[in-house]
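Participant: As input, take my_file-v4.tsv (TSV, C-alpha atoms (C1' of nucleotides)):
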```tsv
chain	number	residue	atom	x	y	z
A	493	MET	CA	28.92	26.78	-36.72
A	494	THR	CA	29.42	28.33	-33.29
A	495	SER	CA	30.81	26.27	-30.50
A	496	SER	CA	27.54	26.35	-28.60
A	497	THR	CA	25.71	25.04	-31.64
A	498	ALA	CA	28.33	22.37	-31.94
A	499	ALA	CA	27.79	21.38	-28.32
A	500	LYS	CA	24.08	21.17	-28.84
A	501	THR	CA	24.54	19.11	-31.94
A	502	ARG	CA	26.92	16.84	-30.17
A	503	ARG	CA	24.51	16.32	-27.33
A	504	ARG	CA	21.72	15.54	-29.70
A	505	GLU	CA	23.84	12.99	-31.48
A	506	ALA	CA	25.20	11.44	-28.30
A	507	PRO	CA	22.56	11.85	-25.60
A	508	ALA	CA	23.47	11.06	-22.03
A	509	ASP	CA	23.34	7.36	-21.36
A	510	ARG	CA	20.61	7.57	-18.80
A	511	PRO	CA	20.40	3.86	-18.01
A	512	ALA	CA	24.12	3.81	-17.23
A	513	LEU	CA	24.00	7.00	-15.19
A	514	LEU	CA	21.12	5.58	-13.22
A	515	LEU	CA	22.90	2.30	-12.44
A	516	ALA	CA	26.10	4.10	-11.50
A	517	TRP	CA	24.13	6.26	-9.10
A	518	TYR	CA	22.39	3.20	-7.68
A	519	ASP	CA	25.69	1.44	-7.06
A	520	ARG	CA	26.76	4.36	-4.87
A	521	HIS	CA	23.50	5.34	-3.20
A	522	ARG	CA	21.20	2.34	-3.05
A	523	ARG	CA	19.20	2.04	0.15
A	524	ARG	CA	19.80	-0.97	2.36
A	525	LEU	CA	16.44	-2.60	2.92
A	526	PRO	CA	15.62	-5.87	4.68
A	527	TRP	CA	14.21	-7.50	1.56
A	528	ARG	CA	17.05	-6.52	-0.73
A	529	ALA	CA	19.90	-8.85	-1.59
A	530	ALA	CA	23.48	-7.66	-1.33
A	531	ALA	CA	24.82	-5.95	-4.44
A	532	GLY	CA	25.18	-8.39	-7.30
A	533	GLU	CA	23.29	-11.18	-5.56
A	534	ARG	CA	19.97	-12.67	-6.57
A	535	ALA	CA	17.12	-11.69	-4.29
A	536	ASP	CA	14.85	-14.29	-2.72
A	537	PRO	CA	11.58	-14.27	-4.70
A	538	TYR	CA	9.57	-14.89	-1.54
A	539	ARG	CA	11.01	-11.87	0.21
A	540	VAL	CA	10.68	-9.73	-2.88
A	541	TRP	CA	7.06	-10.75	-3.32
A	542	LEU	CA	6.18	-10.29	0.35
A	543	SER	CA	7.80	-6.86	0.46
A	544	GLU	CA	6.16	-5.75	-2.77
A	545	ILE	CA	2.71	-6.67	-1.50
A	546	MET	CA	3.30	-4.94	1.82
A	547	LEU	CA	4.70	-1.85	0.13
A	548	GLN	CA	1.64	-1.28	-2.03
A	549	GLN	CA	0.44	2.21	-1.05
A	550	THR	CA	2.40	1.84	2.16
A	551	THR	CA	5.58	3.48	3.41
A	552	VAL	CA	8.88	1.66	3.86
A	553	LYS	CA	8.85	2.70	7.51
A	554	ALA	CA	5.45	1.15	8.18
A	555	VAL	CA	6.37	-2.08	6.39
A	556	GLY	CA	9.64	-2.73	8.26
A	557	PRO	CA	8.28	-4.37	11.43
A	558	TYR	CA	5.61	-6.31	9.53
A	559	PHE	CA	8.14	-7.73	7.12
A	560	GLU	CA	10.26	-8.82	10.08
A	561	LYS	CA	7.29	-10.45	11.83
A	562	PHE	CA	6.17	-12.29	8.72
A	563	THR	CA	9.56	-13.61	7.68
A	564	SER	CA	10.35	-14.73	11.22
A	565	ARG	CA	7.14	-16.66	11.53
A	566	TRP	CA	6.93	-17.85	7.92
A	567	PRO	CA	10.43	-18.11	6.44
A	568	ASP	CA	9.27	-19.24	3.01
A	569	VAL	CA	6.21	-19.27	0.80
A	570	SER	CA	5.36	-22.87	1.65
A	571	ALA	CA	5.23	-22.07	5.35
A	572	LEU	CA	2.95	-19.14	4.62
A	573	GLY	CA	0.83	-21.33	2.36
A	574	ARG	CA	0.27	-23.75	5.22
A	575	ALA	CA	-0.70	-20.99	7.67
A	576	SER	CA	-4.34	-20.26	8.41
A	577	LEU	CA	-5.94	-17.18	6.93
A	578	ASP	CA	-6.86	-16.05	10.43
A	579	ASP	CA	-3.25	-16.13	11.52
A	580	VAL	CA	-2.25	-14.10	8.47
A	581	LEU	CA	-4.96	-11.52	9.12
A	582	ARG	CA	-3.90	-11.23	12.75
A	583	MET	CA	-0.30	-10.61	11.71
A	584	TRP	CA	-1.38	-8.11	9.08
A	585	ALA	CA	-3.68	-6.17	11.41
A	586	GLY	CA	-2.78	-2.49	11.43
A	587	LEU	CA	-1.09	-2.41	8.03
A	588	GLY	CA	-4.29	-1.54	6.15
A	589	TYR	CA	-5.78	-2.59	2.81
A	590	TYR	CA	-6.74	-5.97	4.23
A	591	SER	CA	-7.63	-7.55	0.92
A	592	ARG	CA	-3.88	-7.63	0.42
A	593	ALA	CA	-3.56	-10.05	3.34
A	594	ARG	CA	-6.33	-12.22	1.96
A	595	ASN	CA	-4.72	-12.29	-1.48
A	596	LEU	CA	-1.29	-12.80	0.05
A	597	HIS	CA	-2.52	-15.96	1.70
A	598	ALA	CA	-4.36	-17.11	-1.43
A	599	CYS	CA	-1.22	-16.50	-3.45
A	600	ALA	CA	0.95	-18.50	-1.07
A	601	VAL	CA	-1.55	-21.36	-1.20
A	602	ALA	CA	-1.52	-21.21	-5.00
A	603	VAL	CA	2.27	-21.24	-5.18
A	604	LEU	CA	2.40	-24.13	-2.76
A	605	ASN	CA	-0.34	-26.21	-4.35
A	606	ASP	CA	-0.11	-25.31	-8.02
A	607	HIS	CA	3.59	-24.50	-8.43
A	608	GLY	CA	5.29	-26.87	-5.99
A	609	GLY	CA	6.22	-24.05	-3.66
A	610	ILE	CA	8.25	-22.28	-6.36
A	611	PHE	CA	7.27	-18.86	-7.66
A	612	PRO	CA	6.70	-18.63	-11.41
A	613	ASP	CA	9.70	-16.84	-12.92
A	614	THR	CA	7.90	-14.99	-15.70
A	615	GLU	CA	5.88	-11.82	-15.65
A	616	ASP	CA	2.83	-13.57	-17.09
A	617	GLY	CA	3.07	-16.43	-14.65
A	618	LEU	CA	3.29	-14.04	-11.72
A	619	ARG	CA	0.50	-11.85	-13.04
A	620	ALA	CA	-1.90	-14.79	-12.84
A	621	LEU	CA	-1.51	-15.06	-9.06
A	622	PRO	CA	-3.91	-13.38	-6.57
A	623	GLY	CA	-2.90	-9.90	-5.50
A	624	ILE	CA	-0.22	-9.59	-8.17
A	625	GLY	CA	-1.09	-6.90	-10.68
A	626	PRO	CA	0.96	-5.42	-13.51
A	627	TYR	CA	3.29	-3.48	-11.25
A	628	THR	CA	4.08	-6.30	-8.83
A	629	ALA	CA	4.47	-8.90	-11.58
A	630	ALA	CA	7.02	-6.73	-13.34
A	631	ALA	CA	8.79	-5.86	-10.09
A	632	ILE	CA	9.23	-9.48	-9.02
A	633	ALA	CA	10.20	-10.57	-12.52
A	634	ALA	CA	12.86	-7.88	-12.73
A	635	ILE	CA	14.18	-7.94	-9.17
A	636	ALA	CA	14.05	-11.64	-8.38
A	637	PHE	CA	14.39	-13.17	-11.85
A	638	ASP	CA	16.43	-10.69	-13.88
A	639	ARG	CA	13.72	-10.32	-16.47
A	640	ARG	CA	14.20	-7.27	-18.63
A	641	THR	CA	11.01	-5.45	-17.74
A	642	MET	CA	10.30	-2.13	-16.02
A	643	PRO	CA	7.70	-1.99	-13.26
A	644	VAL	CA	6.05	1.40	-12.91
A	645	ASP	CA	5.03	2.50	-9.45
A	646	GLY	CA	4.26	5.92	-8.03
A	647	ASN	CA	7.92	6.82	-7.67
A	648	ILE	CA	8.73	5.89	-11.22
A	649	GLU	CA	5.68	7.74	-12.50
A	650	ARG	CA	6.95	10.86	-10.78
A	651	VAL	CA	10.53	10.54	-12.02
A	652	VAL	CA	9.50	9.77	-15.58
A	653	THR	CA	6.83	12.45	-15.91
A	654	ARG	CA	9.39	15.00	-14.72
A	655	LEU	CA	12.20	13.70	-16.87
A	656	TYR	CA	10.03	13.98	-20.00
A	657	ALA	CA	7.70	16.75	-18.79
A	658	ILE	CA	4.67	14.60	-19.52
A	659	GLY	CA	1.78	17.00	-19.02
A	660	GLU	CA	-1.04	14.61	-19.72
A	661	PRO	CA	-2.73	13.77	-16.39
A	662	LEU	CA	-2.78	10.38	-14.76
A	663	PRO	CA	-4.17	7.84	-15.29
A	664	GLN	CA	-4.47	8.62	-19.02
A	665	SER	CA	-0.71	9.05	-19.24
A	666	LYS	CA	0.06	5.61	-17.89
A	667	PRO	CA	0.83	3.96	-21.24
A	668	ARG	CA	3.16	6.79	-22.20
A	669	ILE	CA	4.90	6.63	-18.84
A	670	GLN	CA	5.32	2.88	-19.13
A	671	GLN	CA	6.83	3.29	-22.56
A	672	MET	CA	9.26	6.01	-21.50
A	673	ALA	CA	10.18	4.19	-18.28
A	674	ALA	CA	11.20	1.17	-20.31
A	675	THR	CA	13.78	3.26	-22.15
A	676	LEU	CA	15.63	3.62	-18.84
A	677	LEU	CA	16.35	-0.10	-18.77
A	678	GLY	CA	19.98	-0.95	-19.41
A	679	PRO	CA	20.97	-3.11	-22.36
A	680	SER	CA	20.91	-6.88	-22.23
A	681	ARG	CA	24.08	-8.31	-20.85
A	682	ALA	CA	26.49	-9.60	-23.46
A	683	GLY	CA	27.25	-13.31	-23.58
A	684	ASP	CA	23.71	-14.57	-23.28
A	685	GLU	CA	22.75	-17.74	-24.91
A	686	LYS	CA	19.69	-17.31	-27.09
A	687	SER	CA	16.78	-16.03	-25.13
A	688	ARG	CA	13.08	-15.60	-25.56
A	689	ALA	CA	11.53	-12.17	-25.75
A	690	GLY	CA	11.77	-10.34	-22.46
A	691	ASP	CA	14.09	-13.03	-21.21
A	692	GLU	CA	17.36	-11.20	-21.72
A	693	LYS	CA	19.55	-10.89	-18.69
A	694	SER	CA	20.11	-7.32	-17.67
A	695	ARG	CA	20.24	-5.29	-14.52
A	696	ALA	CA	16.53	-4.59	-14.88
A	697	GLY	CA	15.88	-5.11	-11.18
A	698	ASP	CA	18.60	-2.64	-10.30
A	699	SER	CA	17.34	-0.15	-12.88
A	700	ALA	CA	13.86	-0.35	-11.38
A	701	GLN	CA	15.06	-0.06	-7.81
A	702	ALA	CA	17.35	2.77	-8.83
A	703	LEU	CA	14.38	4.70	-10.14
A	704	MET	CA	12.40	3.96	-6.98
A	705	ASP	CA	15.25	5.02	-4.73
A	706	LEU	CA	15.71	8.12	-6.82
A	707	GLY	CA	12.03	8.95	-6.46
A	708	ALA	CA	12.08	8.24	-2.73
A	709	THR	CA	15.22	10.19	-1.86
A	710	ILE	CA	15.93	12.78	-4.59
A	711	CYS	CA	13.00	13.21	-6.95
A	712	THR	CA	10.56	13.61	-4.07
A	713	PRO	CA	6.98	14.87	-4.45
A	714	LYS	CA	7.88	18.22	-2.89
A	715	LYS	CA	11.17	20.10	-3.05
A	716	PRO	CA	13.07	17.59	-5.17
A	717	ALA	CA	16.84	17.72	-4.70
A	718	CYS	CA	17.58	18.15	-8.37
A	719	SER	CA	21.17	19.21	-7.79
A	720	LEU	CA	21.90	15.71	-6.50
A	721	CYS	CA	20.13	13.89	-9.32
A	722	PRO	CA	22.21	11.84	-11.73
A	723	LEU	CA	19.78	12.67	-14.53
A	724	ASN	CA	19.47	16.39	-13.91
A	725	GLU	CA	21.29	17.48	-17.08
A	726	ASP	CA	18.67	15.87	-19.23
A	727	CYS	CA	15.51	16.52	-17.25
A	728	ALA	CA	12.83	18.32	-19.24
A	729	GLY	CA	10.89	19.21	-16.11
A	730	ARG	CA	13.90	20.80	-14.50
A	731	ALA	CA	14.74	22.66	-17.70
A	732	ARG	CA	11.26	24.18	-17.60
A	733	GLY	CA	11.55	24.95	-13.91
A	734	ASP	CA	8.21	23.34	-13.05
A	735	GLN	CA	9.41	19.86	-12.18
A	736	GLU	CA	7.45	19.86	-8.94
A	737	THR	CA	4.15	20.09	-10.84
A	738	PHE	CA	4.59	16.57	-12.22
A	739	PRO	CA	2.94	14.19	-12.31
A	740	ARG	CA	-0.31	15.95	-13.18
A	741	LYS	CA	-3.40	14.22	-11.90
A	742	ALA	CA	-7.12	14.78	-11.77
A	743	PRO	CA	-8.26	16.25	-8.44
A	744	LYS	CA	-9.63	13.65	-6.08
A	745	LYS	CA	-13.01	13.99	-4.50
A	746	ASN	CA	-13.50	13.79	-0.78
A	747	GLY	CA	-16.07	11.44	0.69
A	748	MET	CA	-18.75	12.71	3.04
A	749	LEU	CA	-18.42	12.31	6.77
A	750	ARG	CA	-20.16	9.19	8.01
A	751	ARG	CA	-21.26	8.57	11.55
A	752	GLY	CA	-22.19	5.53	13.56
A	753	ALA	CA	-22.06	3.92	16.97
A	754	ALA	CA	-19.85	1.18	18.37
A	755	PHE	CA	-20.65	-1.00	21.37
A	756	VAL	CA	-17.95	-1.99	23.77
A	757	VAL	CA	-19.60	-4.74	25.76
A	758	THR	CA	-17.65	-6.46	28.51
A	759	ARG	CA	-18.41	-9.49	30.57
A	760	GLY	CA	-15.86	-9.24	33.33
A	761	ASN	CA	-12.50	-9.40	31.61
A	762	GLU	CA	-13.88	-10.36	28.24
A	763	LEU	CA	-14.96	-8.27	25.27
A	764	LEU	CA	-17.78	-8.97	22.81
A	765	VAL	CA	-16.57	-9.11	19.19
A	766	ARG	CA	-17.54	-10.39	15.78
A	767	SER	CA	-15.93	-10.80	12.36
A	768	ARG	CA	-16.71	-8.50	9.47
A	769	PRO	CA	-17.91	-9.95	6.17
A	770	GLU	CA	-15.07	-11.21	3.97
A	771	LYS	CA	-15.74	-8.70	1.24
A	772	GLY	CA	-15.62	-4.96	1.47
A	773	LEU	CA	-14.24	-2.51	3.96
A	774	LEU	CA	-12.00	-4.11	6.60
A	775	GLY	CA	-13.03	-7.45	5.11
A	776	GLY	CA	-12.61	-10.41	7.41
A	777	MET	CA	-11.22	-8.35	10.25
A	778	THR	CA	-12.51	-8.42	13.83
A	779	GLU	CA	-14.70	-5.64	15.21
A	780	VAL	CA	-16.90	-4.79	18.14
A	781	PRO	CA	-20.60	-4.73	17.21
A	782	GLY	CA	-21.94	-1.44	15.99
A	783	SER	CA	-24.51	0.40	13.93
A	784	GLU	CA	-24.15	1.07	10.24
A	785	TRP	CA	-22.06	4.04	9.21
A	786	ARG	CA	-24.12	6.59	7.33
A	787	ALA	CA	-23.52	10.01	5.91
A	788	GLY	CA	-25.61	12.68	7.58
A	789	GLN	CA	-26.77	10.37	10.34
A	790	GLN	CA	-26.74	11.34	13.97
A	791	ASP	CA	-26.18	8.69	16.58
A	792	LYS	CA	-29.64	8.84	18.16
A	793	ALA	CA	-30.93	5.81	16.31
A	794	ALA	CA	-27.82	3.77	16.82
A	795	LEU	CA	-29.08	1.62	19.66
A	796	ALA	CA	-32.20	0.74	17.72
A	797	GLN	CA	-29.96	-0.66	15.01
A	798	ALA	CA	-28.53	-3.22	17.34
A	799	PRO	CA	-31.51	-5.44	18.19
A	800	GLU	CA	-29.23	-8.28	19.21
A	801	LEU	CA	-27.99	-6.10	22.05
A	802	LYS	CA	-31.47	-5.16	23.28
A	803	ALA	CA	-31.01	-7.39	26.31
A	804	VAL	CA	-28.29	-5.18	27.66
A	805	ALA	CA	-29.78	-3.09	30.43
A	806	ARG	CA	-27.41	-0.29	31.23
A	807	TRP	CA	-25.62	1.58	28.50
A	808	HIS	CA	-23.12	4.24	29.19
A	809	ARG	CA	-22.28	6.64	26.43
A	810	LYS	CA	-18.63	7.64	26.49
A	811	ALA	CA	-17.97	11.32	26.06
A	812	GLY	CA	-16.46	12.38	22.76
A	813	VAL	CA	-16.17	10.46	19.52
A	814	VAL	CA	-13.63	8.24	17.83
A	815	SER	CA	-12.52	9.81	14.56
A	816	HIS	CA	-10.93	7.88	11.73
A	817	VAL	CA	-10.15	8.66	8.12
A	818	PHE	CA	-10.41	6.07	5.38
A	819	THR	CA	-9.18	6.68	1.88
A	820	HIS	CA	-12.63	7.58	0.64
A	821	PHE	CA	-14.47	8.92	3.67
A	822	PRO	CA	-13.97	10.21	7.21
A	823	LEU	CA	-15.76	8.47	10.06
A	824	GLU	CA	-16.95	9.43	13.54
A	825	LEU	CA	-18.08	6.78	15.96
A	826	VAL	CA	-19.78	7.34	19.30
A	827	VAL	CA	-19.00	4.62	21.78
A	828	TYR	CA	-21.44	2.96	24.16
A	829	THR	CA	-20.19	0.69	26.89
A	830	ALA	CA	-21.92	-1.89	29.04
A	831	ASN	CA	-20.90	-4.64	31.42
A	832	VAL	CA	-23.10	-7.73	31.42
A	833	ALA	CA	-23.62	-10.59	33.84
A	834	ALA	CA	-21.12	-13.40	34.16
A	835	ARG	CA	-22.72	-16.10	32.08
A	836	THR	CA	-24.39	-13.92	29.44
A	837	ARG	CA	-24.27	-15.71	26.08
A	838	ALA	CA	-22.77	-13.98	23.10
A	839	PRO	CA	-25.48	-13.17	20.50
A	840	ASP	CA	-25.43	-15.14	17.24
A	841	GLY	CA	-22.30	-14.54	15.24
A	842	MET	CA	-20.47	-12.94	18.14
A	843	ARG	CA	-17.97	-14.23	20.65
A	844	TRP	CA	-16.17	-13.26	23.82
A	845	VAL	CA	-12.44	-12.68	23.77
A	846	ALA	CA	-10.20	-12.08	26.79
A	847	VAL	CA	-9.13	-8.48	27.14
A	848	ALA	CA	-5.63	-9.76	27.91
A	849	THR	CA	-5.35	-11.23	24.40
A	850	LEU	CA	-6.72	-8.26	22.50
A	851	ALA	CA	-3.32	-7.35	21.09
A	852	GLY	CA	-3.25	-10.61	19.14
A	853	GLU	CA	-6.70	-10.17	17.58
A	854	ALA	CA	-7.25	-9.14	13.96
A	855	PHE	CA	-8.42	-5.68	14.90
A	856	PRO	CA	-7.94	-2.92	12.35
A	857	ASN	CA	-6.62	0.25	13.90
A	858	LEU	CA	-10.05	1.84	13.88
A	859	MET	CA	-11.24	-0.87	16.28
A	860	ARG	CA	-8.18	-0.47	18.47
A	861	LYS	CA	-9.10	3.19	18.82
A	862	VAL	CA	-12.73	2.31	19.64
A	863	ILE	CA	-11.75	-0.26	22.24
A	864	ALA	CA	-9.18	2.02	23.82
A	865	HIS	CA	-11.82	4.74	24.03
A	866	GLY	CA	-14.45	2.44	25.47
A	867	LEU	CA	-12.17	0.73	27.98
A	868	ASP	CA	-10.27	3.87	28.95
A	869	LEU	CA	-7.03	2.20	27.92
B	321	DA	C1'	-13.17	3.96	-16.35
B	322	DA	C1'	-13.92	5.04	-11.99
B	323	DC	C1'	-14.22	3.77	-7.53
B	324	DA	C1'	-13.35	0.93	-3.25
B	325	DC	C1'	-9.91	-0.10	-0.31
B	326	DG	C1'	-6.30	1.78	5.63
B	327	DT	C1'	-3.08	4.05	7.90
B	328	DG	C1'	0.19	7.37	9.76
B	329	DG	C1'	3.47	10.91	8.71
B	330	DA	C1'	5.01	15.17	6.68
B	331	DA	C1'	4.43	20.04	5.53
C	452	DT	C1'	-5.72	22.10	10.33
C	453	DT	C1'	-5.91	20.41	5.99
C	454	DT	C1'	-3.99	18.20	2.25
C	455	DC	C1'	-1.33	14.94	0.16
C	456	DC	C1'	0.21	10.83	-0.23
C	457	DA	C1'	3.45	5.64	0.09
C	458	DA	C1'	6.76	0.07	-4.08
C	459	DG	C1'	-1.42	-0.83	-6.54
C	460	DT	C1'	-5.08	-4.36	-7.16
C	461	DG	C1'	-9.73	-5.89	-7.91
C	462	DT	C1'	-14.00	-5.03	-9.83
```
As structure tokens, what does this structure read like?
Facilitator:
Amino acid sequence: MTSSTAAKTRRREAPADRPALLLAWYDRHRRRLPWRAAAGERADPYRVWLSEIMLQQTTVKAVGPYFEKFTSRWPDVSALGRASLDDVLRMWAGLGYYSRARNLHACAVAVLNDHGGIFPDTEDGLRALPGIGPYTAAAIAAIAFDRRTMPVDGNIERVVTRLYAIGEPLPQSKPRIQQMAATLLGPSRAGDEKSRAGDEKSRAGDSAQALMDLGATICTPKKPACSLCPLNEDCAGRARGDQETFPRKAPKKNGMLRRGAAFVVTRGNELLVRSRPEKGLLGGMTEVPGSEWRAGQQDKAALAQAPELKAVARWHRKAGVVSHVFTHFPLELVVYTANVAARTRAPDGMRWVAVATLAGEAFPNLMRKVIAHGLDL
DNA sequence: AACACGTGGAA
DNA sequence: TTTCCAAGTGT
């Protein structure tokens, strides 16, 4: 047997201890984030939950100020559970995916009313709450309650598909990824008293956060810094040289451009607004009145679609359009402005709000753009 | 299973 | 400029 064969054999018999390498790396390089406890300390379930909801499909940078605002105003889940939904939507405005805010509030109410203000400490218990899906349930269980479970988010999907060169595209590969990700969990800690399944104490939360930090800082979507990766010796993707091509995923289709009109109607220093329906796009958020948004439509017919605004005499069409891109379609809105007489009543379902207090309204960013365009802000 | 659901930043 | 995407969930 040659020495190189012997080395290969040895490696096969004693593979790198990836869970341990991962935790050792995490102990040196973990990111300091507002919702994370100090090393070795138990995280606050409320802060873990709040951060996990905010971080869904959202960058750490964008979440920072929102997390600060929320925790300052509502220091615990009971406080949030006693807040009004409107207040929560106003605080969430601008973060996107507004059903998260709705579910966040519903979840806080459920924890307060059904669980005495204490978060369930099991994955199943968490999973039953509004807005908590399989990822978030596992993340909270692992990070806040030391449950030995591995949440799989986008970062972990990327790291794992590269590590094992999983060529099957998402989402079909999800079960395989989940299975392989779980092998990166460290062993149960010794000295446990008997424990139920999945109840073993471990550093599961650290293992999960290690994988996320690795994905965020080293195993990045483009140009991964493999030379700095604690798992690089054993990475199948890197061995093949095509690590950047993982994870594979089906191409996404682009939505068609939709157009519509928005009406910025002022009455002195007040603006005419309404609330969107609770379900659907921008659900429950505040908007200025407008036409429907249709693919292929020009704006000619827009005014005709706003019968409740027929009374307005003088419309002024602002030059240019407001462009916005949603996940599934781009949007262009033309903006009409008008100023109406002092005691003009708001049409049914609409209300006047002071321009001075606009910043505190539950406007999604699209509406902030529209209003800024219409008011020349 | 596939699609709806926001936004801003990076390359 | 365009494309991709960032700690997913609900239906």
Participant: Which residues of chain B sit at most 8 Å from chain A, using all atoms listed in the file? Give each one's shortest atom pair and distance in Å (one decimal place), in chain and ascending residue order, as a tab-separated table.
Facilitator:
```
residue	atom	partner	partner_atom	distance
B:DA324	C1'	A:His820	CA	7.7
B:DC325	C1'	A:Tyr589	CA	5.7
B:DG326	C1'	A:Gly588	CA	3.9
B:DT327	C1'	A:Gly588	CA	6.0
```
Participant: Could the residues of chain A that have an atom at most 12 Å from chain C be listed as a Markdown table, each with its closest atom pair and the distance in Å to one decimal, counting only C-alpha atoms (C1' of nucleotides) and ordered by chain and ascending residue number?
Facilitator:
```
| residue | atom | partner | partner_atom | distance |
| --- | --- | --- | --- | --- |
| A:Val540 | CA | C:DA458 | C1' | 10.6 |
| A:Trp541 | CA | C:DA458 | C1' | 10.9 |
| A:Leu542 | CA | C:DA458 | C1' | 11.3 |
| A:Ser543 | CA | C:DA458 | C1' | 8.3 |
| A:Glu544 | CA | C:DA458 | C1' | 6.0 |
| A:Ile545 | CA | C:DA458 | C1' | 8.3 |
| A:Met546 | CA | C:DA458 | C1' | 8.5 |
| A:Leu547 | CA | C:DA458 | C1' | 5.1 |
| A:Gln548 | CA | C:DG459 | C1' | 5.5 |
| A:Gln549 | CA | C:DA457 | C1' | 4.7 |
| A:Thr550 | CA | C:DA457 | C1' | 4.5 |
| A:Thr551 | CA | C:DA457 | C1' | 4.5 |
| A:Val552 | CA | C:DA457 | C1' | 7.7 |
| A:Lys553 | CA | C:DA457 | C1' | 9.6 |
| A:Ala554 | CA | C:DA457 | C1' | 9.5 |
| A:Val555 | CA | C:DA457 | C1' | 10.4 |
| A:Tyr589 | CA | C:DT460 | C1' | 10.2 |
| A:Tyr590 | CA | C:DT460 | C1' | 11.6 |
| A:Ser591 | CA | C:DT460 | C1' | 9.1 |
| A:Arg592 | CA | C:DT460 | C1' | 8.3 |
| A:Asn595 | CA | C:DT460 | C1' | 9.8 |
| A:Leu596 | CA | C:DT460 | C1' | 11.7 |
| A:Arg619 | CA | C:DT460 | C1' | 11.0 |
| A:Leu621 | CA | C:DT460 | C1' | 11.4 |
| A:Pro622 | CA | C:DT460 | C1' | 9.1 |
| A:Gly623 | CA | C:DT460 | C1' | 6.2 |
| A:Ile624 | CA | C:DT460 | C1' | 7.2 |
| A:Gly625 | CA | C:DT460 | C1' | 5.9 |
| A:Pro626 | CA | C:DG459 | C1' | 8.7 |
| A:Tyr627 | CA | C:DG459 | C1' | 7.2 |
| A:Thr628 | CA | C:DG459 | C1' | 8.1 |
| A:Ala629 | CA | C:DG459 | C1' | 11.2 |
| A:Ala630 | CA | C:DA458 | C1' | 11.5 |
| A:Ala631 | CA | C:DA458 | C1' | 8.7 |
| A:Ile632 | CA | C:DA458 | C1' | 11.0 |
| A:Pro643 | CA | C:DA458 | C1' | 9.5 |
| A:Val644 | CA | C:DA458 | C1' | 9.0 |
| A:Asp645 | CA | C:DA458 | C1' | 6.1 |
| A:Gly646 | CA | C:DA458 | C1' | 7.5 |
| A:Asn647 | CA | C:DA458 | C1' | 7.7 |
| A:Ile648 | CA | C:DA458 | C1' | 9.4 |
| A:Glu649 | CA | C:DA458 | C1' | 11.4 |
| A:Ala700 | CA | C:DA458 | C1' | 10.2 |
| A:Gln701 | CA | C:DA458 | C1' | 9.1 |
| A:Ala702 | CA | C:DA458 | C1' | 11.9 |
| A:Leu703 | CA | C:DA458 | C1' | 10.8 |
| A:Met704 | CA | C:DA458 | C1' | 7.4 |
| A:Asp705 | CA | C:DA458 | C1' | 9.8 |
| A:Gly707 | CA | C:DA458 | C1' | 10.6 |
| A:Ala708 | CA | C:DA457 | C1' | 9.4 |
| A:Thr712 | CA | C:DC456 | C1' | 11.4 |
| A:Pro713 | CA | C:DC456 | C1' | 8.9 |
| A:Lys714 | CA | C:DC455 | C1' | 10.2 |
| A:Pro743 | CA | C:DC455 | C1' | 11.1 |
| A:Lys744 | CA | C:DC455 | C1' | 10.5 |
| A:Asn746 | CA | C:DT454 | C1' | 10.9 |
| A:Lys771 | CA | C:DG461 | C1' | 11.3 |
| A:Gly772 | CA | C:DG461 | C1' | 11.1 |
| A:Thr819 | CA | C:DC456 | C1' | 10.5 |
```
Participant: Work out how far apart atom CA of A:Arg759 and atom CA of A:Ala838 are and give it in Å to one decimal.
Facilitator: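 Between these atoms lies a distance of 9.7 Å.
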Participant: Mind listing whatever residues come within 10 Å of the point (12.0, 19.9, -20.4)? Use all atoms listed in the file, file coordinates, and give them as a ChimeraX atom specification.
Facilitator: /A:654-658,726-735
Participant: Just the number, please: distance in Å from atom CA of A:Val845 to atom CA of A:Asn761, one decimal.
Facilitator: 8.5 Å
Participant: Rounded to one decimal in Å, what is the spacing between atom CA of A:Gln664 and atom CA of A:Ala633?
Facilitator: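 Spanning atom CA of A:Gln664 to atom CA of A:Ala633 is a straight-line distance of 25.0 Å.
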Participant: Which residues, written as a list in words, have at least one atom at most 8 Å from A:Cys711, with all atoms listed in the file counted and residues fewer than 3 positions away on the same chain left out?
Facilitator: Arg650, Val651, Leu706, Gly707, Ala708, Pro716, Ala717, Cys718 and Cys721 of chain A
